[in-house]
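Trainee: Input file: target_17.txt. Contents: compact mmCIF, C-alpha atoms and all ligand atoms.
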```
# COMPACT_ATOMS: atom_id res chain seq x y z
CA MET A 275 -24.10 -26.97 -7.24
CA LYS A 276 -24.72 -25.32 -3.85
CA ARG A 277 -21.46 -23.36 -4.24
CA ILE A 278 -22.35 -22.24 -7.76
CA LYS A 279 -25.69 -20.96 -6.43
CA LYS A 280 -23.95 -19.11 -3.61
CA SER A 281 -21.32 -17.58 -5.88
CA GLY A 282 -23.99 -15.59 -7.79
CA PRO A 283 -24.73 -13.16 -4.93
CA VAL A 284 -20.97 -12.83 -4.20
CA ILE A 285 -20.26 -11.78 -7.77
CA LEU A 286 -23.24 -9.42 -7.76
CA GLN A 287 -22.09 -7.76 -4.53
CA ALA A 288 -18.54 -7.45 -5.84
CA VAL A 289 -19.70 -5.92 -9.14
CA ALA A 290 -22.00 -3.53 -7.28
CA LEU A 291 -19.16 -2.44 -4.98
CA VAL A 292 -16.80 -1.84 -7.92
CA ALA A 293 -19.51 0.07 -9.81
CA ILE A 294 -20.23 2.27 -6.78
CA VAL A 295 -16.53 2.99 -6.21
CA LEU A 296 -15.94 3.82 -9.88
CA SER A 297 -18.96 6.08 -10.26
CA LEU A 298 -18.41 7.95 -7.00
CA SER A 299 -14.70 8.30 -7.82
CA VAL A 300 -15.55 9.93 -11.16
CA ALA A 301 -17.70 12.46 -9.31
CA SER A 302 -15.14 13.10 -6.56
CA SER A 303 -12.16 13.52 -8.92
CA ARG A 304 -14.24 16.09 -10.85
CA LEU A 305 -14.90 17.93 -7.60
CA TRP A 306 -11.21 18.01 -6.69
CA GLY A 307 -10.31 18.81 -10.35
CA GLY A 308 -7.37 21.05 -11.24
CA LYS A 309 -4.03 19.64 -10.21
CA PRO A 310 -2.59 16.80 -12.31
CA GLU A 311 -0.91 15.10 -9.30
CA LYS A 312 1.47 13.35 -11.71
CA VAL A 313 3.99 15.13 -13.94
CA GLU A 314 5.71 14.26 -17.18
CA LEU A 315 9.39 15.15 -17.01
CA PRO A 316 11.01 16.44 -20.22
CA ALA A 317 13.53 14.01 -21.73
CA ALA A 318 15.99 16.79 -22.74
CA PHE A 319 16.36 20.56 -22.60
CA THR A 320 17.31 22.90 -25.44
CA LEU A 321 20.42 24.69 -24.17
CA ARG A 322 23.18 26.72 -25.82
CA ALA A 323 25.91 28.72 -24.10
CA GLU A 324 24.98 31.98 -25.92
CA MET A 325 21.28 31.75 -24.91
CA PRO A 326 20.13 34.58 -22.58
CA LEU A 327 18.74 33.05 -19.39
CA PRO A 328 15.16 34.34 -19.93
CA GLU A 329 15.23 32.60 -23.32
CA VAL A 330 16.35 29.35 -21.67
CA ALA A 331 13.18 29.47 -19.55
CA ALA A 332 10.92 30.48 -22.46
CA VAL A 333 12.24 27.89 -24.94
CA ASN A 334 12.02 25.05 -22.43
CA GLY A 335 8.65 26.15 -21.08
CA PHE A 336 9.33 26.66 -17.40
CA PRO A 337 8.95 29.70 -15.10
CA LYS A 338 11.91 31.99 -14.39
CA LYS A 339 11.96 31.03 -10.73
CA ILE A 340 13.19 27.59 -11.82
CA LEU A 341 16.27 29.38 -13.22
CA GLN A 342 16.77 31.13 -9.88
CA LYS A 343 16.51 27.83 -8.00
CA ALA A 344 18.70 25.93 -10.46
CA PHE A 345 21.55 28.43 -10.46
CA SER A 346 20.99 30.07 -7.02
CA LEU A 347 20.32 33.49 -8.60
CA GLN A 348 18.83 36.52 -6.87
CA PRO A 349 15.52 37.88 -8.27
CA GLY A 350 16.28 39.86 -11.43
CA GLU A 351 19.82 38.50 -11.69
CA ALA A 352 18.91 36.35 -14.71
CA ARG A 353 18.28 39.44 -16.82
CA GLY A 354 21.19 40.30 -19.11
CA LYS A 355 23.05 37.03 -18.48
CA THR A 356 23.60 34.15 -20.86
CA LEU A 357 23.94 30.53 -19.94
CA GLY A 358 27.66 30.74 -20.73
CA ASP A 359 28.08 33.54 -18.15
CA LEU A 360 27.35 31.06 -15.37
CA GLY A 361 30.67 29.30 -15.92
CA LEU A 362 29.05 25.88 -16.25
CA SER A 363 29.27 23.34 -19.04
CA ILE A 364 26.03 22.60 -20.91
CA GLU A 365 25.89 19.19 -19.18
CA GLU A 366 26.26 20.78 -15.74
CA ALA A 367 23.66 23.44 -16.52
CA GLU A 368 21.25 20.76 -17.76
CA GLU A 369 21.78 18.76 -14.57
CA HIS A 370 20.99 21.80 -12.38
CA LEU A 371 17.95 22.69 -14.47
CA ARG A 372 16.64 19.12 -14.53
CA LYS A 373 16.70 18.88 -10.75
CA ALA A 374 15.15 22.31 -10.11
CA HIS A 375 12.54 21.75 -12.81
CA ALA A 376 11.63 18.31 -11.43
CA LEU A 377 11.17 19.65 -7.89
CA GLY A 378 9.19 22.68 -9.14
CA GLN A 379 6.91 20.44 -11.20
CA GLN A 380 6.35 18.09 -8.28
CA HIS A 381 5.45 20.97 -6.00
CA SER A 382 3.03 22.68 -8.35
CA SER A 383 1.30 19.42 -9.32
CA LYS A 384 0.14 18.67 -5.78
CA ASN A 385 -3.22 19.43 -4.27
CA TRP A 386 -1.98 20.41 -0.83
CA VAL A 387 -5.45 20.83 0.70
CA LYS A 388 -6.26 17.25 -0.21
CA ILE A 389 -2.91 15.96 0.99
CA PHE A 390 -3.20 17.61 4.41
CA SER A 391 -6.86 16.54 4.76
CA LYS A 392 -5.93 12.97 3.98
CA PHE A 393 -3.11 12.85 6.53
CA ALA A 394 -5.34 14.48 9.18
CA LEU A 395 -8.00 11.83 8.56
CA TRP A 396 -5.42 9.02 8.62
CA PHE A 397 -4.27 10.28 12.03
CA ALA A 398 -7.89 10.15 13.23
CA PHE A 399 -8.89 6.84 11.61
CA LEU A 400 -5.88 4.61 12.28
CA PRO A 401 -6.05 4.97 16.10
CA ILE A 402 -9.70 3.80 15.98
CA ALA A 403 -8.68 0.71 13.99
CA PHE A 404 -5.76 0.19 16.36
CA TYR A 405 -8.05 0.33 19.41
CA LEU A 406 -10.49 -2.16 17.86
CA VAL A 407 -7.72 -4.66 17.04
CA LEU A 408 -5.98 -4.18 20.39
CA ARG A 409 -9.21 -4.77 22.34
CA ASN A 410 -10.20 -7.68 20.08
CA ARG A 411 -13.33 -5.89 18.93
CA MET A 412 -12.64 -6.39 15.23
CA THR A 413 -15.51 -8.81 14.58
CA PRO A 414 -16.30 -9.75 10.95
CA LYS A 415 -19.06 -7.12 10.81
CA VAL A 416 -16.92 -4.36 12.33
CA ARG A 417 -14.00 -5.33 10.07
CA LYS A 418 -16.09 -5.01 6.92
CA GLY A 419 -17.50 -1.70 8.19
CA MET A 420 -14.01 -0.33 8.86
CA LEU A 421 -12.71 -1.50 5.48
CA ALA A 422 -15.70 0.08 3.73
CA ALA A 423 -15.27 3.33 5.67
CA SER A 424 -11.57 3.49 4.82
CA LEU A 425 -12.31 2.79 1.15
CA LEU A 426 -14.91 5.54 1.00
CA ILE A 427 -12.88 8.15 2.88
CA PHE A 428 -9.34 7.61 1.60
CA GLY A 429 -10.12 6.26 -1.87
CA VAL A 430 -13.45 7.51 -3.13
CA ALA A 431 -13.64 10.88 -1.35
CA LEU A 432 -9.94 11.79 -1.24
CA GLY A 433 -8.78 10.08 -4.44
CA SER A 434 -5.78 8.16 -5.57
CA ASP A 435 -2.99 10.42 -4.28
CA PRO A 436 -1.26 10.44 -1.92
CA ASN A 437 -0.96 6.75 -1.22
CA PRO A 438 1.72 4.60 0.43
CA MET A 439 2.78 2.88 -2.78
CA GLY A 440 3.09 6.19 -4.63
CA THR A 441 5.50 7.57 -2.05
CA ILE A 442 8.01 4.81 -2.62
CA LYS A 443 7.45 4.28 -6.34
CA ASP A 444 7.64 7.99 -7.15
CA THR A 445 10.69 8.46 -4.90
CA ILE A 446 12.55 5.73 -6.81
CA THR A 447 11.48 6.90 -10.25
CA LEU A 448 12.12 10.62 -9.59
CA LEU A 449 15.54 9.75 -8.21
CA GLY A 450 16.27 7.54 -11.22
CA ILE A 451 14.97 10.00 -13.79
CA SER A 452 16.00 13.37 -12.32
CA GLY A 453 18.43 12.54 -9.53
CA VAL A 454 16.40 14.33 -6.83
CA VAL A 455 14.22 13.44 -3.86
CA PHE A 456 11.07 15.53 -3.37
CA PRO A 457 11.27 16.37 0.38
CA PRO A 458 7.49 16.30 1.16
CA ARG A 459 7.31 12.82 -0.37
CA ALA A 460 10.23 11.64 1.73
CA ILE A 461 8.40 12.95 4.82
CA ALA A 462 5.17 11.15 3.80
CA LEU A 463 7.11 7.92 3.22
CA SER A 464 8.71 8.22 6.67
CA VAL A 465 5.28 8.73 8.28
CA PHE A 466 3.91 5.65 6.50
CA LEU A 467 6.90 3.57 7.54
CA LEU A 468 6.47 4.77 11.10
CA THR A 469 2.91 3.40 11.16
CA VAL A 470 4.26 0.10 9.81
CA ILE A 471 6.83 -0.05 12.59
CA LEU A 472 4.48 1.11 15.35
CA ALA A 473 1.73 -1.38 14.55
CA ASN A 474 2.28 -4.20 12.12
CA LYS A 475 1.76 -2.76 8.64
CA PHE A 476 -1.06 -0.58 9.89
CA ILE A 477 -1.23 1.89 7.01
CA CYS A 478 -1.60 -1.04 4.60
CA SER A 479 -4.09 -2.80 6.84
CA TRP A 480 -6.51 0.04 7.40
CA GLY A 481 -5.42 3.20 5.58
CA CYS A 482 -4.37 2.28 2.05
CA HIS A 483 -7.40 2.66 -0.19
CA LEU A 484 -6.28 0.07 -2.74
CA GLY A 485 -5.33 -2.35 0.03
CA VAL A 486 -8.70 -2.07 1.78
CA PHE A 487 -10.54 -2.32 -1.56
CA GLN A 488 -8.87 -5.66 -2.29
CA ASP A 489 -9.42 -6.77 1.31
CA LEU A 490 -13.13 -5.95 1.24
CA LEU A 491 -13.65 -7.81 -2.05
CA HIS A 492 -11.86 -10.84 -0.60
CA ARG A 493 -14.11 -10.75 2.46
CA ILE A 494 -17.28 -10.29 0.39
CA ASN A 495 -16.39 -13.76 -0.90
CA ARG A 496 -16.18 -15.07 2.69
CA GLY A 497 -19.76 -14.36 3.73
CA LYS A 498 -20.99 -12.81 6.96
CA ARG A 499 -18.77 -14.89 9.22
CA ASP A 500 -15.63 -14.09 7.24
CA ARG A 501 -14.22 -17.60 7.53
CA ARG A 502 -13.69 -19.18 4.12
CA GLY A 503 -14.34 -18.45 0.48
CA THR A 504 -17.83 -19.06 -0.91
CA ILE A 505 -16.04 -19.27 -4.24
CA PRO A 506 -12.92 -21.29 -3.23
CA GLN A 507 -9.97 -19.06 -2.32
CA TRP A 508 -6.26 -19.75 -2.71
CA LYS A 509 -3.44 -18.89 -0.32
CA PRO A 510 -0.36 -18.65 -2.56
CA PRO A 511 2.95 -19.83 -1.08
CA PHE A 512 4.96 -16.89 0.21
CA TRP A 513 8.08 -17.78 -1.78
CA LEU A 514 6.05 -17.31 -4.94
CA SER A 515 4.27 -14.04 -4.10
CA ASN A 516 7.30 -12.47 -2.47
CA GLY A 517 9.64 -13.70 -5.22
CA ILE A 518 7.50 -11.90 -7.82
CA ARG A 519 7.32 -8.81 -5.57
CA VAL A 520 11.11 -8.67 -5.19
CA ALA A 521 11.52 -9.06 -8.96
CA THR A 522 8.99 -6.25 -9.55
CA PHE A 523 10.84 -3.96 -7.14
CA ALA A 524 14.17 -4.72 -8.82
CA ALA A 525 12.68 -4.11 -12.28
CA LEU A 526 11.05 -0.82 -11.17
CA THR A 527 14.36 0.43 -9.77
CA GLY A 528 16.51 -0.84 -12.66
CA VAL A 529 14.26 0.62 -15.36
CA ALA A 530 14.00 4.00 -13.55
CA PHE A 531 17.77 4.35 -13.24
CA LEU A 532 18.76 2.81 -16.57
CA TRP A 533 15.98 3.98 -18.89
CA ALA A 534 14.40 6.87 -16.94
CA TYR A 535 10.98 5.21 -17.10
CA ASP A 536 8.31 4.50 -14.48
CA LEU A 537 7.43 0.85 -15.07
CA ILE A 538 4.36 0.78 -12.83
CA GLU A 539 2.76 4.08 -13.89
CA PRO A 540 0.81 2.75 -16.93
CA ILE A 541 -0.72 -0.07 -14.89
CA ASP A 542 -0.99 1.73 -11.53
CA PRO A 543 -4.17 0.22 -10.01
CA PHE A 544 -4.58 3.20 -7.67
CA ARG A 545 -6.03 4.93 -10.72
CA VAL A 546 -9.25 3.06 -9.99
CA PHE A 547 -9.90 6.15 -7.84
CA LYS A 548 -9.49 8.50 -10.83
CA PRO A 549 -11.16 6.43 -13.55
CA ALA A 550 -10.80 9.13 -16.22
CA HIS A 551 -7.00 8.51 -16.19
CA LEU A 552 -7.15 4.71 -16.28
CA GLY A 553 -6.28 4.08 -19.95
CA ILE A 554 -6.38 0.62 -21.53
CA ALA A 555 -3.42 -0.89 -19.62
CA GLY A 556 -4.64 0.64 -16.35
CA GLY A 557 -8.17 -0.65 -16.97
CA ILE A 558 -6.91 -4.18 -17.60
CA ALA A 559 -4.68 -4.04 -14.50
CA VAL A 560 -7.53 -2.82 -12.29
CA PHE A 561 -9.88 -5.49 -13.67
CA LEU A 562 -7.32 -8.25 -13.00
CA VAL A 563 -6.40 -7.02 -9.51
CA LEU A 564 -10.01 -6.60 -8.38
CA THR A 565 -11.17 -9.91 -9.87
CA ALA A 566 -8.20 -11.77 -8.37
CA SER A 567 -8.98 -10.18 -4.98
CA LEU A 568 -12.07 -12.38 -4.70
CA LEU A 569 -9.88 -15.47 -4.84
CA VAL A 570 -6.49 -14.40 -3.47
CA TYR A 571 -5.91 -12.11 -0.48
CA ARG A 572 -4.63 -8.68 -1.58
CA PRO A 573 -2.98 -9.81 -4.83
CA TRP A 574 -1.46 -6.42 -5.67
CA CYS A 575 -0.03 -5.98 -2.16
CA ASN A 576 1.50 -9.44 -1.96
CA PHE A 577 2.68 -9.92 -5.55
CA PHE A 578 3.63 -6.47 -6.84
CA CYS A 579 3.46 -3.49 -4.50
CA PRO A 580 6.87 -1.90 -3.77
CA PHE A 581 5.56 -0.47 -0.50
CA GLY A 582 4.22 -3.93 0.33
CA LEU A 583 7.76 -5.28 0.10
CA VAL A 584 9.32 -2.48 2.17
CA GLY A 585 6.42 -2.70 4.65
CA TRP A 586 6.99 -6.43 5.00
CA LEU A 587 10.61 -5.73 5.95
CA GLY A 588 9.43 -3.01 8.38
CA GLU A 589 7.05 -5.53 9.96
CA LYS A 590 10.07 -7.42 11.25
CA ILE A 591 10.69 -4.64 13.76
CA SER A 592 7.06 -3.72 14.45
CA ILE A 593 6.33 -2.77 18.05
CA PHE A 594 2.76 -4.14 18.10
CA LYS A 595 2.24 -7.47 16.35
CA MET A 596 0.22 -10.69 16.54
CA LYS A 597 1.61 -12.94 19.26
CA VAL A 598 0.61 -16.38 20.51
CA ASP A 599 0.40 -17.34 24.16
CA TYR A 600 1.29 -21.03 23.80
CA GLU A 601 0.21 -21.84 27.35
CA ASN A 602 -3.38 -21.06 26.42
CA CYS A 603 -3.24 -22.33 22.84
CA PRO A 604 -5.03 -25.67 22.32
CA LYS A 605 -3.48 -25.94 18.82
CA CYS A 606 -6.90 -26.11 17.22
CA ASP A 607 -5.62 -24.33 14.08
CA ALA A 608 -8.75 -22.15 13.89
CA CYS A 609 -6.55 -19.06 13.54
CA VAL A 610 -4.53 -20.65 10.74
CA LYS A 611 -7.67 -21.49 8.81
CA VAL A 612 -9.37 -18.14 9.28
CA CYS A 613 -6.26 -16.13 8.32
CA PRO A 614 -6.72 -15.00 4.73
CA SER A 615 -3.03 -15.60 4.04
CA THR A 616 -0.34 -17.98 5.25
CA ALA A 617 0.84 -15.48 7.92
CA MET A 618 -0.81 -17.12 10.93
CA ASP A 619 0.46 -20.56 9.96
CA ALA A 620 3.99 -19.16 9.96
CA ILE A 621 3.48 -17.21 13.22
CA LEU A 622 1.92 -20.15 15.09
CA TYR A 623 4.46 -22.71 13.94
CA GLN A 624 7.40 -20.30 14.24
CA ASP A 625 8.54 -20.44 10.62
CA LYS A 626 11.76 -18.59 9.90
CA VAL A 627 10.07 -16.39 7.30
CA ILE A 628 6.74 -14.87 8.28
CA PRO A 629 4.62 -13.56 5.39
CA ASP A 630 2.83 -10.20 5.51
CA CYS A 631 0.32 -9.93 8.36
CA TYR A 632 -2.21 -7.14 7.83
CA ALA A 633 -3.31 -6.93 11.47
CA CYS A 634 -6.88 -7.70 10.46
CA GLY A 635 -7.65 -9.29 13.83
CA ALA A 636 -9.45 -12.34 12.36
CA CYS A 637 -7.13 -14.77 14.15
CA MET A 638 -7.67 -13.02 17.51
CA ASP A 639 -11.41 -12.91 17.03
CA ILE A 640 -11.74 -16.63 16.28
CA CYS A 641 -9.37 -17.94 18.96
CA PRO A 642 -11.50 -19.91 21.48
CA THR A 643 -9.07 -19.32 24.36
CA ASP A 644 -7.93 -15.74 23.65
CA ALA A 645 -4.42 -17.06 23.12
CA ILE A 646 -3.62 -14.51 20.41
CA GLN A 647 -2.86 -10.92 21.36
CA PHE A 648 -1.90 -7.84 19.46
CA GLY A 649 0.93 -6.93 21.78
CA THR A 650 4.48 -5.70 22.20
CA GLY A 651 7.72 -7.59 22.80
CA ARG A 652 9.26 -10.63 21.16
CA ARG A 653 7.13 -13.52 19.99
CA GLU A 654 7.31 -16.44 22.45
CA ARG A 655 8.63 -19.81 21.38
CA PRO A 656 6.27 -22.78 21.80
CA THR A 657 6.99 -25.22 24.62
CA LYS A 658 8.06 -28.80 23.95
CA GLU A 659 4.70 -30.02 25.30
CA TRP A 660 2.85 -27.75 22.91
CA MET A 661 4.88 -29.02 19.99
CA GLU A 662 3.81 -32.56 20.90
CA ILE A 663 0.07 -31.78 20.79
CA PRO A 664 -1.34 -33.12 17.52
CA LYS A 665 -2.60 -30.52 15.05
CA GLY A 666 -6.34 -30.09 15.53
CA GLY A 667 -6.19 -29.69 19.29
CA ASN A 668 -6.11 -31.36 22.65
CA GLY A 669 -9.83 -31.18 23.28
CA THR A 670 -9.89 -27.99 25.34
CA GLN A 671 -11.27 -25.81 22.57
CA LYS A 672 -14.91 -24.91 22.23
CA PRO A 673 -16.07 -26.72 19.07
CA ASP A 674 -18.81 -24.19 18.24
CA ARG A 675 -16.21 -21.45 17.68
CA ILE A 676 -13.72 -23.42 15.63
CA SER A 677 -15.87 -24.92 12.91
CA VAL A 678 -13.73 -23.43 10.15
CA ALA A 679 -13.49 -25.62 7.08
CA ALA A 680 -10.03 -26.40 5.84
S1 LIG B 701 0.95 -3.19 0.00
FE1 LIG B 701 -1.21 -2.94 -0.51
S2 LIG B 701 -1.98 -1.81 1.19
FE2 LIG B 701 0.23 -1.53 1.24
S3 LIG B 701 0.65 0.29 -0.03
FE3 LIG B 701 0.73 -1.43 -1.39
S4 LIG B 701 -1.34 -1.54 -2.26
FE4 LIG B 701 -1.46 -0.32 -0.41
S1 LIG B 702 -2.14 -13.42 11.18
FE1 LIG B 702 -3.65 -13.45 9.52
S2 LIG B 702 -5.65 -13.38 10.54
FE2 LIG B 702 -4.12 -12.75 12.04
S3 LIG B 702 -4.09 -10.53 11.91
FE3 LIG B 702 -2.46 -11.28 10.55
S4 LIG B 702 -3.45 -11.42 8.55
FE4 LIG B 702 -5.10 -11.26 10.05
```
Turn the structure described in the file into structure tokens.
Ligand code: SF4
Ligand code: SF4
Mentor:
Amino acid sequence: MKRIKKSGPVILQAVALVAIVLSLSVASSRLWGGKPEKVELPAAFTLRAEMPLPEVAAVNGFPKKILQKAFSLQPGEARGKTLGDLGLSIEEAEEHLRKAHALGQQHSSKNWVKIFSKFALWFAFLPIAFYLVLRNRMTPKVRKGMLAASLLIFGVALGSDPNPMGTIKDTITLLGISGVVFPPRAIALSVFLLTVILANKFICSWGCHLGVFQDLLHRINRGKRDRRGTIPQWKPPFWLSNGIRVATFAALTGVAFLWAYDLIEPIDPFRVFKPAHLGIAGGIAVFLVLTASLLVYRPWCNFFCPFGLVGWLGEKISIFKMKVDYENCPKCDACVKVCPSTAMDAILYQDKVIPDCYACGACMDICPTDAIQFGTGRRERPTKEWMEIPKGGNGTQKPDRISVAA
């Protein structure tokens, strides 16, 4: 009964947050306006050997400079030539045109001012989050403030694109559909992966607007002290969440290469930041992801996101990561209980497979003996003596700081 009473305010806060994000996002996407940011690629071109090159461009609806790029022509060289004059088969000509057209479309669809602003702000924001985690200043209040700030800046104000998931999803689908890689996207993907490798999944932890949105909703359901769900929360086993994520990645890749189709696009939950483009499938996906976020930590990231999967692999070679100093660890399990996922359990008990850790700092903050650090180097192995301590501690912990319910 007490829990039911407490769940009312949680649901109200969550609904209010979603309503604020949606309404502000409508206003901000109108302000940015203009560029579509996503492009539809034509399934086939109309090409005949006797067609003059200017007609090829006109009939297929693309600018003449695409012809120049596709066939490496000098300005004006297209005039007076037919497709047959190029000495290519129709299939070869189509292949050249498809690639040049795809790259041209990608380039002209982007809002470069927004993209550069977003990266500049990421470079300013992520070091602040890094400093707070490193110095163990990421208290529950600060964490919620940082998540809210990230959501407002990178999601509401700067919109859905670019985002870490888009870089990998769109790279795979463009490669599958048109056989090309858009160089600026490859650069963005490399930058994101670098942040993952430098500091444990850091772009996901603090910079990805959909990631922080899910995170904030999950923590709204954990009250001020950010310790356990007011409405009971579930930590899914990693084999299940990662199994589904691997299958999603394989399906995305297979469908892009075999059927030239972007499987995630219709349900892309990043569209929560451009609500006018949500559509019915997108609306249902966003509703499910955001509702599930109250009960499960970052459901989209852990169950479906292709960047989540690649980032999890990148985490294995991260320079900064959560590490346990077993000499100071009283094995009280407070960190395991406060961790919103099963990551800390696996880190503390040295499981072979460690699930995604989002460097949220909750485990560091709760540790009564400061035995967890966000540091460099290999993770230590526990001593034999430590292994023999019963779970729940050896009595050296301060009980007031570890009253985390199971
Ligand atoms: S895993 Fe989550 S945080 Fe990372 S890119 Fe995907 S949606 Fe964003
Ligand atoms: S182990 Fe868990 S609590 Fe600790 S930083 Fe990672 S996700 Fe957060």
Trainee: Using only C-alpha atoms and all ligand atoms, which protein or nucleic acid residues are at most 8 Å from ligand LIG 701 (chain B), as a list in words?
Mentor: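 Sorted by chain and then by number, the residues are Asn437, Pro438, Met439, Gly440, Lys475, Ile477, Cys478, Ser479, Trp480, Gly481, Cys482, His483, Leu484, Gly485, Val486, Phe544, Arg572, Trp574, Cys575, Asn576, Phe578, Cys579, Pro580, Phe581, Gly582, Leu583 and Gly585 of chain A.
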Trainee: Name all residues at most 12 Å from Ile294 (chain A) (count all atoms listed in the file; drop same-chain ones fewer than 3 positions away) and give them as a PyMOL selection string.
Mentor: chain A and resi 287-291+297-302+422+425-426+429-430+487+546-547
Trainee: Suppose you want the space between CA of Ala318 (chain A) and CA of Leu552 (chain A); what is it in Å?
Mentor: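 So the two atoms, CA of Ala318 (chain A) and CA of Leu552 (chain A), lie 26.9 Å apart.
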Trainee: Go through the chains and note each residue within 6 Å of ligand LIG 702 (chain B), using all atoms listed in the file, then give the set as a PyMOL selection string.
Mentor: chain A and resi 613-615+617-618+631-637
Trainee: Provide the CA of Met420 (chain A) to CA of Ala566 (chain A) distance in Å, to one decimal place.
Mentor: 21.5 Å
Trainee: One number please: CA of Lys373 (chain A) to CA of Ala534 (chain A), in Å, one decimal.
Mentor: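 CA of Ala534 (chain A) lies 13.7 Å from CA of Lys373 (chain A).
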Trainee: Taking 6 positions as the minimum chain separation for residues in the same chain, which residues sit within 10 Å of Ile364 (chain A) when counting all atoms listed in the file? Answer as a list in words.
Mentor: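 With the cut-off at 10 Å, the set is Thr320, Leu321, Arg322, Ala323, Leu357, Gly358 and His370 of chain A.
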Trainee: Which one of A:Leu421, A:Leu448, A:Val470, A:Ala645 sits closest to Asp607 (chain A) if you count only C-alpha atoms?
Mentor: A:Ala645
Trainee: Can you tell me which residues surround region 600-603 of chain A at a distance of at most 12 Å, considering all atoms listed in the file, apart from same-chain residues fewer than 6 positions away, and format the answer as an NGL selection string?
Mentor: :A and (609 or 621-624 or 638 or 641-647 or 653-661 or 663 or 665-672)
Trainee: Nearest to Ala376 (chain A) among A:Pro349, A:Gly450, A:Pro549, A:Gly354, with distances taken over only C-alpha atoms: which residue is it?
Mentor: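 Using only C-alpha atoms, the shortest distance to Ala376 (chain A) belongs to A:Gly450.
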Trainee: From (-10.5, -16.9, -0.1), in the file's coordinates, out to 8 Å: which residues are reached, counting all atoms listed in the file? Answer as a ChimeraX atom specification.
Mentor: /A:492-493,495-496,502-509,568-571,614
Trainee: Which one of A:Leu408, A:Arg545, A:Leu526, A:Phe345 sits closest to Thr650 (chain A) if you count all atoms listed in the file?
Mentor: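 Of the candidates, the smallest distance to Thr650 (chain A) is held by A:Leu408.
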Trainee: Which residue is closest to Asp500 (chain A)? Choose from A:Asp639, A:Glu329, A:Asp359, A:Asp599 and count only C-alpha atoms.
Mentor: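 Among A:Asp639, A:Glu329, A:Asp359, A:Asp599, it is A:Asp639 that comes nearest to Asp500 (chain A).
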Trainee: In terms of the shortest atom-to-atom distance over all atoms listed in the file, which of A:Asp435, A:Gln379, A:Ile442, A:Thr616 is closest to Pro543 (chain A)?
Mentor: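 Result for the nearest residue to Pro543 (chain A): A:Asp435.
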Trainee: I'd like to know which of A:Ile461, A:Leu371, A:Leu327, A:Ala525 is closest to Gly350 (chain A), using all atoms listed in the file.
Mentor: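 Comparing A:Ile461, A:Leu371, A:Leu327, A:Ala525 against Gly350 (chain A), the winner is A:Leu327.
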